[in-house]
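Visitor: Before I ask anything, let me first share the structure, which is written out below as structure tokens.
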Amino acid sequence: MKYIVRSLKYLVYFVLIFCLCILIIRVAMHGQDVPLAEMFEEGAFLKIAAIFVFFAAVYPLVGYKKGRLTLDGSWEEYHDVVVETMKNAEYSLVSDEDGVMKFRSDRVALRISRMWEDAITFTPAADGIHVEVDGRYRDTTRVISAIYYNYRMQHHQTEE
């Protein structure tokens with residue numbers, strides 16, 4: 001269901017950007033009243049719509065992922081590290097129920113540009129060793145790396 005909602009949001013996003021571009025072109029034409037149908041060749045709107053639908057359907061597949069955080073300790077040991085790392089990344093804790101933590105961006109412009117699909121969710125696996133990190137591909141990759149680094153810095157391990 002989340003995939004369909006994301007796809008529909010991106011379809012609307014692409015259509016709005018297209019309309020904004022058309023509006024800019026019409027304003028740049030300095031008063032020449034050219035009908036919208038004459039701005040494009042016949043059948044172009046169907047092709048444009050097909051491209052928008054294709055990209056709206058594909059983007060959530062490549063733009064979002066579920067990453068995996070492998071724990072060296074318990075999830076409770078990581079809790080403060082995760083909260084501090086997300087705070088440094090300008091994310092705020094929205095909910096923390098049953099070990100599942102959900103963060104949202106503090107930056108309004110980022111939230112708007114991502115159509116409120118900015119959440120990063122940490123869900124501990126039943127095995128107690130892994131945590132699933134769900135969110136945008138670039139954000140989850142960056143956050144997982146930062147959490148590993150911050151955890152190692154706070155829990156220095158001696159080599160034997």
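Starting from 1 in every chain, residues are counted up; chains themselves are A, B, ... following the order of the structure tokens, and ligands are numbered from 1 as listed.
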Please extract the residues of chain A with a backbone DSSP assignment of helix (DSSP H, G or I) and present them as a PyMOL selection string.
Guide: chain A and resi 2-28+36-39+44-63+75-88+108-113+137-154
Visitor: Write to file, as a compact mmCIF listing (two decimals), in the first residue's frame, the residues of the selection just made, with C-alpha atoms.
Guide:
# COMPACT_ATOMS: atom_id res chain seq x y z
CA LYS A 2 2.87 2.36 0.85
CA TYR A 3 4.30 1.76 -2.63
CA ILE A 4 1.04 2.74 -4.36
CA VAL A 5 0.71 5.90 -2.26
CA ARG A 6 4.29 6.91 -3.09
CA SER A 7 3.71 6.25 -6.79
CA LEU A 8 0.56 8.35 -6.85
CA LYS A 9 2.29 11.18 -4.98
CA TYR A 10 5.11 11.20 -7.51
CA LEU A 11 2.65 11.13 -10.40
CA VAL A 12 0.98 14.25 -9.00
CA TYR A 13 4.43 15.78 -8.40
CA PHE A 14 5.48 15.20 -12.03
CA VAL A 15 2.22 16.63 -13.36
CA LEU A 16 2.61 19.74 -11.20
CA ILE A 17 6.19 20.27 -12.40
CA PHE A 18 5.03 19.82 -16.00
CA CYS A 19 2.24 22.38 -15.52
CA LEU A 20 4.70 24.80 -13.92
CA CYS A 21 7.06 24.41 -16.89
CA ILE A 22 4.21 25.06 -19.34
CA LEU A 23 3.21 28.13 -17.35
CA ILE A 24 6.78 29.47 -17.45
CA ILE A 25 6.94 28.89 -21.21
CA ARG A 26 3.63 30.71 -21.73
CA VAL A 27 4.80 33.67 -19.64
CA ALA A 28 8.12 33.74 -21.50
CA LEU A 36 -1.93 24.66 -25.52
CA ALA A 37 -2.85 22.11 -28.20
CA GLU A 38 -0.59 23.92 -30.70
CA MET A 39 2.40 23.91 -28.35
CA ALA A 44 2.25 14.15 -27.47
CA PHE A 45 0.13 14.37 -24.32
CA LEU A 46 -0.46 10.62 -24.34
CA LYS A 47 3.29 9.99 -24.64
CA ILE A 48 4.04 12.49 -21.87
CA ALA A 49 1.41 10.89 -19.64
CA ALA A 50 2.91 7.43 -20.30
CA ILE A 51 6.37 8.70 -19.34
CA PHE A 52 5.01 10.25 -16.13
CA VAL A 53 3.19 7.03 -15.18
CA PHE A 54 6.31 4.96 -15.91
CA PHE A 55 8.61 7.12 -13.79
CA ALA A 56 6.04 7.43 -10.99
CA ALA A 57 5.80 3.63 -10.90
CA VAL A 58 9.54 3.00 -11.02
CA TYR A 59 10.90 5.74 -8.76
CA PRO A 60 9.66 4.26 -5.45
CA LEU A 61 11.44 1.01 -6.36
CA VAL A 62 14.83 2.70 -6.75
CA GLY A 63 14.38 5.69 -4.46
CA TRP A 75 18.96 -2.71 20.59
CA GLU A 76 18.72 -0.87 23.93
CA GLU A 77 22.46 -0.06 23.70
CA TYR A 78 21.88 1.47 20.28
CA HIS A 79 18.81 3.51 21.25
CA ASP A 80 20.68 6.63 22.42
CA VAL A 81 23.17 6.39 19.56
CA VAL A 82 20.35 6.24 17.02
CA VAL A 83 18.51 9.19 18.59
CA GLU A 84 21.70 11.29 18.71
CA THR A 85 22.69 10.37 15.14
CA MET A 86 19.25 11.23 13.81
CA LYS A 87 19.26 14.51 15.77
CA ASN A 88 22.59 15.41 14.13
CA VAL A 108 10.14 21.91 6.20
CA ALA A 109 11.51 22.47 2.68
CA LEU A 110 12.87 18.91 2.61
CA ARG A 111 9.56 17.50 3.78
CA ILE A 112 7.66 19.43 1.11
CA SER A 113 10.08 18.46 -1.67
CA TYR A 137 17.78 5.02 -0.28
CA ARG A 138 20.38 7.76 0.21
CA ASP A 139 19.16 8.64 3.69
CA THR A 140 19.09 5.08 5.00
CA THR A 141 22.56 4.33 3.64
CA ARG A 142 23.99 7.52 5.17
CA VAL A 143 22.24 7.02 8.52
CA ILE A 144 23.29 3.37 8.87
CA SER A 145 26.93 4.31 8.25
CA ALA A 146 26.72 7.18 10.74
CA ILE A 147 25.16 4.93 13.40
CA TYR A 148 27.92 2.33 12.99
CA TYR A 149 30.55 5.06 13.28
CA ASN A 150 28.97 6.75 16.31
CA TYR A 151 28.45 3.43 18.09
CA ARG A 152 32.10 2.47 17.58
CA MET A 153 33.23 5.87 18.86
CA GLN A 154 31.12 5.53 22.01
Visitor: Got a sec: who's within 9 Å of A:Val133, counting only C-alpha atoms, leaving out chain neighbours fewer than 2 positions off, as a list of chain:residue names?
Guide: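 Once the nearby chain positions are removed, what remains is A:Lys65, A:Lys66, A:Gly67, A:Arg68, A:Leu69, A:Ile120, A:Thr121, A:Phe122, A:Thr123, A:Pro124, A:Val131, A:Gly135, A:Thr140, A:Val143, A:Ile144.
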Visitor: Return the single residue from A:Ser74, A:Ser95, A:Ser105, A:Gln32 that is closest to A:Gly128, with distances computed using only C-alpha atoms.
Guide: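 Ranking A:Ser74, A:Ser95, A:Ser105, A:Gln32 by distance to A:Gly128, first place goes to A:Ser74.
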Visitor: So that I can see what lies close to A:Ala119, please list as a PyMOL selection string the residues with an atom at most 9 Å from it, counting only C-alpha atoms and leaving out residues fewer than 4 positions away in the same chain.
Guide: chain A and resi 91+102-105+134-136
Visitor: Could you please determine the separation between atom CA of A:Asp127 and atom CA of A:Asp96 in Å, to one decimal place?
Guide: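 We find that atom CA of A:Asp127 and atom CA of A:Asp96 lie 19.4 Å from each other.
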Visitor: Atom CA of A:Glu117 to atom CA of A:Gly99: how many Å, to one decimal?
Guide: 21.3 Å
Visitor: Tell me, in Å to one decimal, how far atom CA of A:Arg107 is from atom CA of A:Tyr64.
Guide: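 Atom-to-atom, atom CA of A:Arg107 to atom CA of A:Tyr64, that is 19.2 Å.
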Visitor: If you run DSSP on the backbone here, which positions in stretch 2-85 of chain A get strand (DSSP E)? Please write them as JSON, numbers by chain.
Guide: {"A": [64, 65, 66, 67, 68, 69, 70]}
